[in-house]
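> One structure, as structure tokens, below. Some questions next.
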Amino acid sequence: MRGIRTREVSWNCHERALSSLRRTVFVDEQGVSEDEEWDGADPDCRHFLAEDGDGVPIGTARLMPTGQIGRMAVLRAWRGQGIGARLLELAVDAARAANQSVFLHAQSHAVGFYERAGFRVTGRPFMEAGIEHREMTLAAELSD
């Protein structure tokens, strides 16, 4: 993953890139409606961006003020290369630095990815944006 850069960015400065990534992954690929994707929370969230060696946006994640990590999106051509894991690590580190409990709503097919990152399923399956999800919490926080 030489040349890949992950960093925290502001919504105000990077809204176009972040929105484009999420539209491609969630709206175009997964069929999530625009109304469900754009929940109005973005200005109040912390955002993380992955870029390739040329500075082209390839992935994103967000951290809500509640400690919920979400909107994890990596472009199809870049999946399976550890980019999502790097974005997730940035978001977890940011939440911990803010003394927030960390949780997320994982699409059921992605539960294994989050388990490898130290999350554990803490709830029953539920539907969100027409896709089955599971609530997950960082395992280290379950034992506290």
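In the structure tokens, each chain is lettered A, B, ... as it comes, each chain's residues begin at 1, and ligands are numbered from 1 in order of appearance.
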List the neighbours of Arg120 in chain A out to 8 Å using only C-alpha atoms; skip same-chain residues closer than 2 positions along the sequence, and give me the result as a list in words.

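Counting only the stated atoms, we get Tyr114, Glu115, Gly118, Thr122, Met136, Thr137, Leu138 and Ala139 of chain A.
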
> Please report, as JSON lines, each residue of range 63-125 of chain A lying at most 7 Å from range 129-135 of chain A, together with the nearest pair of atoms and the separation in Å rounded to one decimal; use only C-alpha atoms, and order rows by chain and ascending residue number.


{"residue": "A:Leu104", "atom": "CA", "partner": "A:Glu135", "partner_atom": "CA", "distance": 5.8}
{"residue": "A:His105", "atom": "CA", "partner": "A:Glu135", "partner_atom": "CA", "distance": 4.5}
{"residue": "A:Ala106", "atom": "CA", "partner": "A:His133", "partner_atom": "CA", "distance": 5.2}
{"residue": "A:Gln107", "atom": "CA", "partner": "A:His133", "partner_atom": "CA", "distance": 4.2}
{"residue": "A:Ser108", "atom": "CA", "partner": "A:His133", "partner_atom": "CA", "distance": 4.9}
{"residue": "A:Val121", "atom": "CA", "partner": "A:Glu135", "partner_atom": "CA", "distance": 5.9}
{"residue": "A:Thr122", "atom": "CA", "partner": "A:Glu135", "partner_atom": "CA", "distance": 5.6}
{"residue": "A:Gly123", "atom": "CA", "partner": "A:Glu135", "partner_atom": "CA", "distance": 5.2}
{"residue": "A:Arg124", "atom": "CA", "partner": "A:Arg134", "partner_atom": "CA", "distance": 6.2}
{"residue": "A:Pro125", "atom": "CA", "partner": "A:Arg134", "partner_atom": "CA", "distance": 4.9}

> Show which residues sit within 6 Å of range 2-13 of chain A, as a list in words. Count only C-alpha atoms, and ignore same-chain residues fewer than 3 positions away.

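Within the cut-off, the hits are His47, Phe48, Leu49, Ala50, Glu51, Asp52 and Gly53 of chain A.
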
> Keeping N, CA and C atoms for every residue in the selection just given, could you write it to a file as a PDB file, in the first residue's frame?


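Listed below is the output, selection36.pdb:
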ATOM      1  N   HIS A  47     -14.441  13.166  10.071  1.00  0.00           N
ATOM      2  CA  HIS A  47     -14.344  12.409   8.823  1.00  0.00           C
ATOM      3  C   HIS A  47     -12.906  12.008   8.552  1.00  0.00           C
ATOM      4  N   PHE A  48     -12.765  10.837   7.919  1.00  0.00           N
ATOM      5  CA  PHE A  48     -11.460  10.268   7.616  1.00  0.00           C
ATOM      6  C   PHE A  48     -11.444   9.918   6.135  1.00  0.00           C
ATOM      7  N   LEU A  49     -10.313  10.170   5.499  1.00  0.00           N
ATOM      8  CA  LEU A  49     -10.197  10.018   4.058  1.00  0.00           C
ATOM      9  C   LEU A  49      -8.942   9.221   3.721  1.00  0.00           C
ATOM     10  N   ALA A  50      -9.079   8.300   2.775  1.00  0.00           N
ATOM     11  CA  ALA A  50      -7.934   7.578   2.213  1.00  0.00           C
ATOM     12  C   ALA A  50      -7.756   8.053   0.779  1.00  0.00           C
ATOM     13  N   GLU A  51      -6.505   8.300   0.415  1.00  0.00           N
ATOM     14  CA  GLU A  51      -6.179   8.734  -0.938  1.00  0.00           C
ATOM     15  C   GLU A  51      -5.068   7.861  -1.501  1.00  0.00           C
ATOM     16  N   ASP A  52      -5.100   7.656  -2.815  1.00  0.00           N
ATOM     17  CA  ASP A  52      -4.027   6.894  -3.440  1.00  0.00           C
ATOM     18  C   ASP A  52      -2.780   7.767  -3.561  1.00  0.00           C
ATOM     19  N   GLY A  53      -1.730   7.238  -4.151  1.00  0.00           N
ATOM     20  CA  GLY A  53      -0.468   7.954  -4.261  1.00  0.00           C
ATOM     21  C   GLY A  53      -0.542   9.243  -5.060  1.00  0.00           C
TER      22      GLY A  53
END

> From a DSSP pass on the backbone, collect the residues of range 19-109 of chain A flagged as helix (DSSP H, G or I) and hand them back as an MDAnalysis selection string.

chainID A and resid 19:29 34:37 42:44 76:78 83:97 108:109

> Could the residues in this selection be written to a file with N, CA and C atoms, as an mmCIF file, in the first residue's frame?


data_model
loop_
_atom_site.group_PDB
_atom_site.id
_atom_site.type_symbol
_atom_site.label_atom_id
_atom_site.label_comp_id
_atom_site.auth_asym_id
_atom_site.auth_seq_id
_atom_site.Cartn_x
_atom_site.Cartn_y
_atom_site.Cartn_z
ATOM 1 N N SER A 19 -18.536 12.866 -0.223
ATOM 2 C CA SER A 19 -19.865 12.579 -0.778
ATOM 3 C C SER A 19 -19.779 11.695 -2.014
ATOM 4 N N SER A 20 -18.809 11.972 -2.858
ATOM 5 C CA SER A 20 -18.645 11.188 -4.076
ATOM 6 C C SER A 20 -18.339 9.724 -3.754
ATOM 7 N N LEU A 21 -17.458 9.493 -2.795
ATOM 8 C CA LEU A 21 -17.133 8.120 -2.387
ATOM 9 C C LEU A 21 -18.363 7.402 -1.862
ATOM 10 N N ARG A 22 -19.081 8.051 -0.983
ATOM 11 C CA ARG A 22 -20.257 7.422 -0.383
ATOM 12 C C ARG A 22 -21.366 7.196 -1.409
ATOM 13 N N ARG A 23 -21.522 8.133 -2.322
ATOM 14 C CA ARG A 23 -22.544 7.962 -3.362
ATOM 15 C C ARG A 23 -22.199 6.739 -4.226
ATOM 16 N N THR A 24 -20.931 6.604 -4.591
ATOM 17 C CA THR A 24 -20.510 5.478 -5.420
ATOM 18 C C THR A 24 -20.772 4.150 -4.718
ATOM 19 N N VAL A 25 -20.346 4.044 -3.452
ATOM 20 C CA VAL A 25 -20.447 2.771 -2.732
ATOM 21 C C VAL A 25 -21.873 2.490 -2.255
ATOM 22 N N PHE A 26 -22.471 3.441 -1.580
ATOM 23 C CA PHE A 26 -23.769 3.168 -0.949
ATOM 24 C C PHE A 26 -24.955 3.345 -1.900
ATOM 25 N N VAL A 27 -25.004 4.459 -2.596
ATOM 26 C CA VAL A 27 -26.162 4.734 -3.450
ATOM 27 C C VAL A 27 -26.084 3.922 -4.742
ATOM 28 N N ASP A 28 -24.960 4.033 -5.462
ATOM 29 C CA ASP A 28 -24.855 3.360 -6.759
ATOM 30 C C ASP A 28 -24.695 1.845 -6.636
ATOM 31 N N GLU A 29 -23.751 1.375 -5.789
ATOM 32 C CA GLU A 29 -23.493 -0.066 -5.691
ATOM 33 C C GLU A 29 -24.528 -0.804 -4.857
ATOM 34 N N GLU A 34 -30.885 8.147 -1.544
ATOM 35 C CA GLU A 34 -30.213 9.414 -1.225
ATOM 36 C C GLU A 34 -30.689 9.940 0.129
ATOM 37 N N ASP A 35 -31.994 9.827 0.407
ATOM 38 C CA ASP A 35 -32.544 10.331 1.668
ATOM 39 C C ASP A 35 -31.941 9.627 2.877
ATOM 40 N N GLU A 36 -31.698 8.327 2.753
ATOM 41 C CA GLU A 36 -31.115 7.588 3.867
ATOM 42 C C GLU A 36 -29.625 7.861 4.009
ATOM 43 N N GLU A 37 -28.936 8.038 2.894
ATOM 44 C CA GLU A 37 -27.496 8.294 2.957
ATOM 45 C C GLU A 37 -27.186 9.662 3.546
ATOM 46 N N ASP A 42 -23.493 14.952 8.912
ATOM 47 C CA ASP A 42 -22.093 15.101 8.518
ATOM 48 C C ASP A 42 -21.375 16.335 9.060
ATOM 49 N N PRO A 43 -21.989 17.511 9.105
ATOM 50 C CA PRO A 43 -21.258 18.664 9.630
ATOM 51 C C PRO A 43 -20.825 18.507 11.092
ATOM 52 N N ASP A 44 -21.506 17.661 11.837
ATOM 53 C CA ASP A 44 -21.187 17.460 13.253
ATOM 54 C C ASP A 44 -20.268 16.267 13.506
ATOM 55 N N ARG A 76 -14.458 -0.084 -4.889
ATOM 56 C CA ARG A 76 -14.344 -1.506 -5.205
ATOM 57 C C ARG A 76 -12.928 -1.909 -5.628
ATOM 58 N N ALA A 77 -12.287 -1.144 -6.473
ATOM 59 C CA ALA A 77 -10.952 -1.495 -6.980
ATOM 60 C C ALA A 77 -9.890 -1.503 -5.882
ATOM 61 N N TRP A 78 -10.173 -0.895 -4.744
ATOM 62 C CA TRP A 78 -9.200 -0.776 -3.665
ATOM 63 C C TRP A 78 -9.509 -1.673 -2.474
ATOM 64 N N ILE A 83 -7.124 -0.864 3.364
ATOM 65 C CA ILE A 83 -7.488 0.554 3.451
ATOM 66 C C ILE A 83 -8.612 0.763 4.463
ATOM 67 N N GLY A 84 -9.622 -0.093 4.422
ATOM 68 C CA GLY A 84 -10.708 0.001 5.398
ATOM 69 C C GLY A 84 -10.189 -0.159 6.816
ATOM 70 N N ALA A 85 -9.248 -1.075 7.009
ATOM 71 C CA ALA A 85 -8.677 -1.280 8.345
ATOM 72 C C ALA A 85 -7.949 -0.035 8.828
ATOM 73 N N ARG A 86 -7.252 0.629 7.924
ATOM 74 C CA ARG A 86 -6.545 1.857 8.310
ATOM 75 C C ARG A 86 -7.524 2.971 8.659
ATOM 76 N N LEU A 87 -8.588 3.102 7.884
ATOM 77 C CA LEU A 87 -9.606 4.114 8.193
ATOM 78 C C LEU A 87 -10.281 3.817 9.527
ATOM 79 N N LEU A 88 -10.601 2.537 9.754
ATOM 80 C CA LEU A 88 -11.229 2.133 11.000
ATOM 81 C C LEU A 88 -10.320 2.437 12.187
ATOM 82 N N GLU A 89 -9.039 2.152 12.051
ATOM 83 C CA GLU A 89 -8.086 2.423 13.124
ATOM 84 C C GLU A 89 -8.021 3.915 13.443
ATOM 85 N N LEU A 90 -8.028 4.758 12.428
ATOM 86 C CA LEU A 90 -8.036 6.213 12.659
ATOM 87 C C LEU A 90 -9.272 6.633 13.436
ATOM 88 N N ALA A 91 -10.430 6.112 13.036
ATOM 89 C CA ALA A 91 -11.684 6.481 13.696
ATOM 90 C C ALA A 91 -11.705 5.989 15.141
ATOM 91 N N VAL A 92 -11.250 4.768 15.382
ATOM 92 C CA VAL A 92 -11.196 4.232 16.748
ATOM 93 C C VAL A 92 -10.247 5.071 17.599
ATOM 94 N N ASP A 93 -9.086 5.390 17.072
ATOM 95 C CA ASP A 93 -8.123 6.208 17.821
ATOM 96 C C ASP A 93 -8.699 7.579 18.158
ATOM 97 N N ALA A 94 -9.424 8.174 17.216
ATOM 98 C CA ALA A 94 -10.040 9.485 17.455
ATOM 99 C C ALA A 94 -11.102 9.396 18.545
ATOM 100 N N ALA A 95 -11.902 8.333 18.510
ATOM 101 C CA ALA A 95 -12.942 8.154 19.534
ATOM 102 C C ALA A 95 -12.311 7.941 20.908
ATOM 103 N N ARG A 96 -11.295 7.112 20.963
ATOM 104 C CA ARG A 96 -10.625 6.863 22.241
ATOM 105 C C ARG A 96 -9.990 8.130 22.793
ATOM 106 N N ALA A 97 -9.376 8.936 21.921
ATOM 107 C CA ALA A 97 -8.752 10.191 22.357
ATOM 108 C C ALA A 97 -9.794 11.150 22.932
ATOM 109 N N SER A 108 -24.166 -6.989 7.717
ATOM 110 C CA SER A 108 -23.932 -8.372 8.160
ATOM 111 C C SER A 108 -22.803 -9.059 7.398
ATOM 112 N N HIS A 109 -22.676 -8.793 6.114
ATOM 113 C CA HIS A 109 -21.604 -9.429 5.338
ATOM 114 C C HIS A 109 -20.212 -8.951 5.768
#

> With only C-alpha atoms as the atoms that count, which of A:Gln68, A:Gln30, A:Ser101, A:Thr60 lies nearest to His14 in chain A?

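Using only C-alpha atoms, the shortest distance to His14 in chain A belongs to A:Thr60.
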